[in-house]
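*Asks:* My structure is below; once you've seen it, I'll send some questions.
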Protein chains: 4
Amino acid sequence: MLKGVKSDEFIVRLSCKDRPGIVSAVTTFLYQVGLNIVDSQQFDDRLKDRFFARILCEDSCKKIDIENLRSGFGAIAANFDMEWSIRRRSPPQRVLILASKFDHCLADLLFRWRSGELFMDPVGVVSNHSRETYERINLGEIPFHYLPVTNETKKQQEEQLKAIVEDSSADLVILARYMQILSDDMAAFLAGRCINIHHSFLPGFKGAKPYHQAHERGVKIIGATAHYVTAELDEGPIIEQDIERISHRDTPEELVRKGRDIERRVLARAVRYHLDDRVMLNGATTVVFPE
Amino acid sequence: MLKGVKSDEFIVRLSCKDRPGIVSAVTTFLYQVGLNIVDSQQFDDRLKDRFFARILCEDSCKKIDIENLRSGFGAIAANFDMEWSIRRRSPPQRVLILASKFDHCLADLLFRWRSGELFMDPVGVVSNHSRETYERINLGEIPFHYLPVTNETKKQQEEQLKAIVEDSSADLVILARYMQILSDDMAAFLAGRCINIHHSFLPGFKGAKPYHQAHERGVKIIGATAHYVTAELDEGPIIEQDIERISHRDTPEELVRKGRDIERRVLARAVRYHLDDRVMLNGATTVVFPE
Amino acid sequence: MLKGVKSDEFIVRLSCKDRPGIVSAVTTFLYQVGLNIVDSQQFDDRLKDRFFARILCEDSCKKIDIENLRSGFGAIAANFDMEWSIRRRSPPQRVLILASKFDHCLADLLFRWRSGELFMDPVGVVSNHSRETYERINLGEIPFHYLPVTNETKKQQEEQLKAIVEDSSADLVILARYMQILSDDMAAFLAGRCINIHHSFLPGFKGAKPYHQAHERGVKIIGATAHYVTAELDEGPIIEQDIERISHRDTPEELVRKGRDIERRVLARAVRYHLDDRVMLNGATTVVFPE
Amino acid sequence: MLKGVKSDEFIVRLSCKDRPGIVSAVTTFLYQVGLNIVDSQQFDDRLKDRFFARILCEDSCKKIDIENLRSGFGAIAANFDMEWSIRRRSPPQRVLILASKFDHCLADLLFRWRSGELFMDPVGVVSNHSRETYERINLGEIPFHYLPVTNETKKQQEEQLKAIVEDSSADLVILARYMQILSDDMAAFLAGRCINIHHSFLPGFKGAKPYHQAHERGVKIIGATAHYVTAELDEGPIIEQDIERISHRDTPEELVRKGRDIERRVLARAVRYHLDDRVMLNGATTVVFPE
């Protein structure tokens, strides 16, 4: 269990058109139902005139019923025309990981999960390669689904994938270098709950073989980008990015190697932020409340 | 004038022992007096059980009297035993800059001020070198004070400096590579309103010639540190730090050159944060609310 | 004068198809004519099968005639079919700086020149704005050329610019946020001797208003790119890039402000590398031998 | 096997007092024995008047006898009073990894080894904790040595450790967060062939609990340092460092978590540089020839 996560914590998230009195109304309500605010972050997007907040509260008496809480909050939310959610911080969210030939992101996510860095419940690993591909990774008891795919079977394979998402009640799907382009239909099905790691510093080098593109263009810095999946390839809202400095000495193979380090830490951060409800959509971009 | 700064903005800062109801009480008060919250950031230091907040509010009707505002807020503050301040964001704070032989930080601060990056009113430049030293810098109409100093005249020179601080009503004193160690008495006089730039990544390489120390130790990264001045040398609360990667090829002179870039951007950021009331003391450390 | 630059130093640069014996032949020649190698860097591009070297040598007796040196070296160079150059490190190269409304890069270059960081001889400043625009910058004795430009007068203005380049015998032209797109003809005229600073992390956000594009796309890191100018806009060989982390809190105006810091340090580094003959073209990319 | 490593590659390393003719003599010799230079890097430490070089050469005919090569080179080396080594790049060096309770560096090294990033032969893992501690790591066939230690048994435990180093013919010993301070005697035994990862940005926060020290001091950036082990604690020559930005929000536990990422990538880089003979000692510092 993630250090510091107590079973009586709630995460409230809300966004609405900005207007006076929002914080006062919300915090007074939380105070009056007996919740203590442990952490609160907010953001006014003055360009779009929209207000965002994430509030972590503690029920020190452990007597709050979440349905009652939601009902009470709903009245305030209606008044301000909010989009909002309230959930218990625990139990951890259910996560389905999709991988392909490259296993460094999968290995890293599982290592961080076992270290307590990622507060999640891995309900399955899906790959278009067989289980033997991951021999050097300790998959433990996590169900493994081998879903090979060809151009001809893509539609059918995605149906199987959908079924696995539904059967496992996955809250989040992680494309851990999955390397398969999702159909528009699949992207829509997973909207808002699917994170991809792209091995370039977007919007540079979209599409295939970004490290080779980077080498050819002669950039002096490479990067990776974690983003929500949308129908438009490599165009989803960006959650996190990071970079490394390179030089003319680096071959495309060296970039691939250096990139692995960037990819795994960028993906892990994005997943961690998402799991802790720190990421809110703001049009085509994200608000990410810092840890 | 800094873009986005309007004459009817107030910055409220407060810290107190954490307990339920603080945010509710404060935001409800601000709402009721007619202030709209434009940006609000808070931090619960759960280890020290202390709560910090910075709230930027807008008086869109321009009819609030600051003394009345302070009186009203004072009643709430007393109830929570707060340390607090409320000030108009404008006019800019009055700033006195102290420099020595190296002029890159001084030049940079003035350039940023003229560019509108630093919302401040430079009320004077003090140096232990004569005005001719700064020939290549455009000092404009800013009063220049030449205060030479020797071991024998140090006490007397600091008295002159104190008089300048007082006569100019400086809100902030910036040691822009001033290179003179302040006496304990002087440090106490300037407590909380004096920022120094130290040319190392503290706590490494305190004291003199840090770049030479760094070269000798063979570190692979150098840095600079902006901190509040306290009586203990190079031990004051850190506001901002930054670094650059170096290599075995760098001589101490190269480190000095590369360091100048780090120093000036670290100092400028720290000054900017301070001028916008983003920095709050938390024991020997700082809370810095991000821009 | 740049520290460490002595009047009896030569910089030899060469590139050729890789084959055994290059280094042996070159270093033996230099040894035999009495030059001592002070710094030597080389790079084998094994993908393109091409070899690059930069050798800094010292004539401690100050008796070498550069024409004789070139003749002797030319014989070896011919044998290996080299592209090559030999020049004295001193006097400094002649530099023409082009600026537009934004003056931070111009101010920075001049400050670094006066600090001894940039070993160059500024032979002129050209702008499409009048001299008054740069009132807060100390232009000193550097000739200033006011070349206003409209769509109608562009061709004619570029002719004037060409004349200035030629009359001033400029070795290098720096587009210090010049903001005017050069015609193909002008780009060809300046090929290999014109450095531009682009205010984005290329290849992302080419063209106009990159910070606004970055804000809209919601990237988490912004950057700047210094590159040689070619006819194709923002596609020239990249010399240097750098970045800063940003957040959802940053408006486009904040990005512009943060970007200024990146732009000026990236441009200054690229210019410095070029002035010290550290940059060699390798197809559409560059080899940059580190300092 | 590491991509690009061929069985007929030799790495030549040398250092000596600087004087004219070194490169010419060495490269001419290598050319004459039929070796082709694939990569060559050199460094003149003008402050210490010492010259360093690393040359990677290829024997494309695979007919060179290494003993003959060493004999021939030895004659040149003697003339210039060089410290030098020549070794085949393959087979990989034999590596012994020491770990303690924290397993992230151990797990990372093994993952990178299996990915082909680290060209090494892990001949053993030693820990003062039992094998069960590492259940989630795939140790495979690597011999595991459980060497518990108390203050009383330290001397004896180190004797066991020495025996393992000798029996396994380990070329390199890696302290992968081993957390035991080596005795002076042990440090001397491992001199030049033992790399430690220290979880702070040295020289800041030497000794125990550096993340807690960093939190208390309120630094804005944390780091990690890989260095050769010497008798003086945390004072050995630094091979590699890296950092992450932190904020006032980070508790010591968060720093520990963020630090794990820095530690493992810094250690992996240092090990990789060492394994490829890129690191040369230069007094109390290192020369690290870039990849």
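Numbering starts fresh at 1 for the residues of each chain in the structure tokens, the chains themselves are lettered A, B, ... in the order given, and ligands are numbered from 1 as they appear.
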Using only C-alpha atoms, which residues sit within 9 Å of Thr286 of chain A once same-chain residues fewer than 2 positions away are excluded, as an MDAnalysis selection string?
*Replies:* (chainID A and resid 237:239 279:284 288) or (chainID C and resid 218 248)
*Asks:* For the selection you just gave me, I'd like the residues written to a file as a tab-separated table (two decimals), in the first residue's frame, keeping N, CA, C and O atoms.
*Replies:*
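Once written, out-v5.tsv looks like this:
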chain	number	residue	atom	x	y	z
A	237	PRO	N	-4.12	14.71	-25.34
A	237	PRO	CA	-3.64	15.64	-24.31
A	237	PRO	C	-2.40	15.10	-23.61
A	237	PRO	O	-2.39	13.97	-23.12
A	238	ILE	N	-1.37	15.93	-23.54
A	238	ILE	CA	-0.09	15.53	-22.96
A	238	ILE	C	-0.12	15.61	-21.44
A	238	ILE	O	-0.55	16.60	-20.87
A	239	ILE	N	0.34	14.54	-20.80
A	239	ILE	CA	0.38	14.50	-19.33
A	239	ILE	C	1.78	14.83	-18.83
A	239	ILE	O	1.96	15.59	-17.88
A	279	VAL	N	-4.62	14.60	-12.68
A	279	VAL	CA	-4.69	15.07	-14.06
A	279	VAL	C	-6.14	15.39	-14.44
A	279	VAL	O	-7.02	14.55	-14.29
A	280	MET	N	-6.38	16.58	-14.89
A	280	MET	CA	-7.72	16.95	-15.34
A	280	MET	C	-7.62	17.45	-16.78
A	280	MET	O	-6.70	18.19	-17.12
A	281	LEU	N	-8.58	17.06	-17.58
A	281	LEU	CA	-8.59	17.51	-18.97
A	281	LEU	C	-9.06	18.95	-19.06
A	281	LEU	O	-10.00	19.36	-18.38
A	282	ASN	N	-8.38	19.73	-19.92
A	282	ASN	CA	-8.76	21.11	-20.16
A	282	ASN	C	-8.70	21.31	-21.67
A	282	ASN	O	-7.71	21.78	-22.21
A	283	GLY	N	-9.78	20.95	-22.33
A	283	GLY	CA	-9.77	20.96	-23.80
A	283	GLY	C	-8.77	19.94	-24.29
A	283	GLY	O	-8.77	18.79	-23.85
A	284	ALA	N	-7.89	20.37	-25.17
A	284	ALA	CA	-6.90	19.45	-25.74
A	284	ALA	C	-5.65	19.35	-24.87
A	284	ALA	O	-4.67	18.72	-25.27
A	288	VAL	N	-2.17	19.42	-14.55
A	288	VAL	CA	-1.56	18.37	-13.72
A	288	VAL	C	-1.15	18.99	-12.39
A	288	VAL	O	-0.17	19.74	-12.31
C	218	GLY	N	-0.35	22.24	-25.36
C	218	GLY	CA	-0.25	21.77	-23.99
C	218	GLY	C	1.02	20.99	-23.68
C	218	GLY	O	1.01	20.09	-22.83
C	248	HIS	N	0.80	23.91	-16.69
C	248	HIS	CA	-0.49	24.40	-17.16
C	248	HIS	C	-0.73	25.85	-16.71
C	248	HIS	O	-1.60	26.52	-17.22
*Asks:* Tell me which protein, DNA and RNA residues are within 9 Å of Arg245 of chain D, counting only C-alpha atoms, leaving out same-chain ones fewer than 3 positions away, and put them as a VMD selection string.
*Replies:* (chain B and resid 241 to 242) or (chain D and resid 220 to 223)
*Asks:* Pick out each residue of segment 14-154 of chain C that DSSP on the backbone tags as strand (DSSP E or B); I need them as a PyMOL selection string.
*Replies:* chain C and resi 14-17+36-45+50-58+83-88+93-99+120-127+144-146
*Asks:* What does the file look like for those residues with N, CA and C atoms, as a compact mmCIF listing (two decimals), in the first residue's frame?
*Replies:*
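File selection26.txt, as written:
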# COMPACT_ATOMS: atom_id res chain seq x y z
N LEU C 14 39.10 19.21 -40.66
CA LEU C 14 39.09 18.39 -41.87
C LEU C 14 37.98 17.37 -41.79
N SER C 15 37.50 16.99 -42.95
CA SER C 15 36.60 15.85 -43.03
C SER C 15 36.87 15.14 -44.35
N CYS C 16 36.71 13.82 -44.31
CA CYS C 16 36.94 13.02 -45.52
C CYS C 16 36.32 11.64 -45.33
N LYS C 17 36.28 10.88 -46.38
CA LYS C 17 35.86 9.48 -46.29
C LYS C 17 36.80 8.78 -45.32
N ASN C 36 52.61 21.97 -31.84
CA ASN C 36 52.24 21.09 -30.74
C ASN C 36 50.72 21.03 -30.66
N ILE C 37 50.18 19.81 -30.61
CA ILE C 37 48.72 19.65 -30.53
C ILE C 37 48.25 19.96 -29.13
N VAL C 38 47.34 20.92 -29.02
CA VAL C 38 46.85 21.36 -27.72
C VAL C 38 45.52 20.67 -27.42
N ASP C 39 44.72 20.51 -28.44
CA ASP C 39 43.44 19.82 -28.27
C ASP C 39 43.09 19.20 -29.61
N SER C 40 42.64 17.96 -29.57
CA SER C 40 42.28 17.30 -30.81
C SER C 40 41.03 16.49 -30.57
N GLN C 41 40.05 16.69 -31.41
CA GLN C 41 38.82 15.90 -31.30
C GLN C 41 38.48 15.37 -32.67
N GLN C 42 37.97 14.16 -32.67
CA GLN C 42 37.60 13.58 -33.95
C GLN C 42 36.32 12.78 -33.82
N PHE C 43 35.71 12.50 -34.93
CA PHE C 43 34.45 11.76 -34.92
C PHE C 43 34.36 10.95 -36.20
N ASP C 44 34.14 9.64 -36.04
CA ASP C 44 33.89 8.77 -37.18
C ASP C 44 32.40 8.55 -37.30
N ASP C 45 31.82 9.04 -38.34
CA ASP C 45 30.42 8.73 -38.58
C ASP C 45 30.38 7.41 -39.33
N ARG C 50 32.22 8.58 -42.75
CA ARG C 50 32.92 9.86 -42.91
C ARG C 50 33.61 10.24 -41.62
N PHE C 51 34.79 10.82 -41.77
CA PHE C 51 35.65 11.15 -40.64
C PHE C 51 35.77 12.67 -40.49
N PHE C 52 35.68 13.17 -39.26
CA PHE C 52 35.76 14.60 -38.98
C PHE C 52 36.81 14.85 -37.88
N ALA C 53 37.56 15.92 -38.01
CA ALA C 53 38.50 16.26 -36.93
C ALA C 53 38.68 17.75 -36.82
N ARG C 54 38.91 18.18 -35.61
CA ARG C 54 39.29 19.56 -35.30
C ARG C 54 40.52 19.48 -34.41
N ILE C 55 41.59 20.12 -34.84
CA ILE C 55 42.84 20.07 -34.09
C ILE C 55 43.30 21.49 -33.80
N LEU C 56 43.52 21.76 -32.52
CA LEU C 56 44.04 23.07 -32.11
C LEU C 56 45.53 22.89 -31.83
N CYS C 57 46.37 23.65 -32.55
CA CYS C 57 47.82 23.49 -32.33
C CYS C 57 48.45 24.82 -31.99
N GLU C 58 49.60 24.70 -31.39
CA GLU C 58 50.31 25.84 -30.85
C GLU C 58 51.65 25.94 -31.55
N GLU C 83 37.95 17.75 -47.27
CA GLU C 83 37.54 19.14 -47.12
C GLU C 83 38.25 19.64 -45.87
N TRP C 84 38.85 20.80 -45.95
CA TRP C 84 39.66 21.23 -44.80
C TRP C 84 39.81 22.74 -44.74
N SER C 85 40.19 23.22 -43.57
CA SER C 85 40.53 24.63 -43.40
C SER C 85 41.58 24.74 -42.30
N ILE C 86 42.44 25.72 -42.46
CA ILE C 86 43.38 26.07 -41.40
C ILE C 86 43.31 27.57 -41.22
N ARG C 87 43.09 28.02 -39.99
CA ARG C 87 43.14 29.47 -39.76
C ARG C 87 43.76 29.76 -38.40
N ARG C 88 44.32 30.95 -38.32
CA ARG C 88 44.78 31.42 -37.02
C ARG C 88 43.55 31.64 -36.13
N GLN C 93 36.75 36.68 -35.36
CA GLN C 93 35.93 36.77 -36.58
C GLN C 93 35.03 38.01 -36.54
N ARG C 94 34.73 38.50 -37.72
CA ARG C 94 33.91 39.70 -37.87
C ARG C 94 32.44 39.29 -37.93
N VAL C 95 31.64 39.92 -37.10
CA VAL C 95 30.26 39.48 -36.91
C VAL C 95 29.27 40.61 -37.15
N LEU C 96 28.24 40.30 -37.92
CA LEU C 96 27.17 41.27 -38.17
C LEU C 96 25.89 40.73 -37.51
N ILE C 97 25.27 41.57 -36.68
CA ILE C 97 24.10 41.10 -35.93
C ILE C 97 22.84 41.75 -36.48
N LEU C 98 21.84 40.91 -36.81
CA LEU C 98 20.56 41.43 -37.29
C LEU C 98 19.52 41.26 -36.19
N ALA C 99 18.81 42.34 -35.89
CA ALA C 99 17.81 42.27 -34.83
C ALA C 99 16.50 42.87 -35.32
N MET C 120 34.78 37.89 -30.63
CA MET C 120 34.31 38.31 -31.94
C MET C 120 34.51 39.81 -32.09
N ASP C 121 34.34 40.27 -33.30
CA ASP C 121 34.49 41.68 -33.60
C ASP C 121 33.17 42.14 -34.24
N PRO C 122 32.30 42.79 -33.48
CA PRO C 122 30.99 43.16 -34.01
C PRO C 122 31.16 44.32 -34.99
N VAL C 123 30.99 44.05 -36.27
CA VAL C 123 31.22 45.08 -37.28
C VAL C 123 29.94 45.82 -37.67
N GLY C 124 28.82 45.43 -37.08
CA GLY C 124 27.60 46.16 -37.37
C GLY C 124 26.37 45.52 -36.77
N VAL C 125 25.36 46.39 -36.56
CA VAL C 125 24.04 45.92 -36.15
C VAL C 125 23.06 46.41 -37.20
N VAL C 126 22.24 45.50 -37.68
CA VAL C 126 21.24 45.86 -38.69
C VAL C 126 19.86 45.60 -38.10
N SER C 127 18.93 46.51 -38.34
CA SER C 127 17.57 46.28 -37.87
C SER C 127 16.57 46.90 -38.82
N PHE C 144 25.42 51.20 -36.80
CA PHE C 144 24.03 50.74 -36.79
C PHE C 144 23.40 51.05 -38.14
N HIS C 145 22.75 50.05 -38.73
CA HIS C 145 22.12 50.23 -40.04
C HIS C 145 20.61 50.03 -39.91
N TYR C 146 19.88 51.06 -40.20
CA TYR C 146 18.41 50.98 -40.14
C TYR C 146 17.90 50.64 -41.53
*Asks:* Just need the residues of chain D within 6 Å of chain C, counting only C-alpha atoms, so spit them out as a list in words.
*Replies:*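 Here they are: Pro20, Gly21, Ser24, Thr27, Thr28, Tyr31 and Asn36 of chain D.
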*Asks:* Fewer than 2 positions away in the same chain doesn't count, so skip those; otherwise give me all residues within 12 Å of Tyr134 of chain C, counting only C-alpha atoms, as a ChimeraX atom specification.
*Replies:* /B:111,114-115,138 /C:99-107,125-132,136-140,144,146
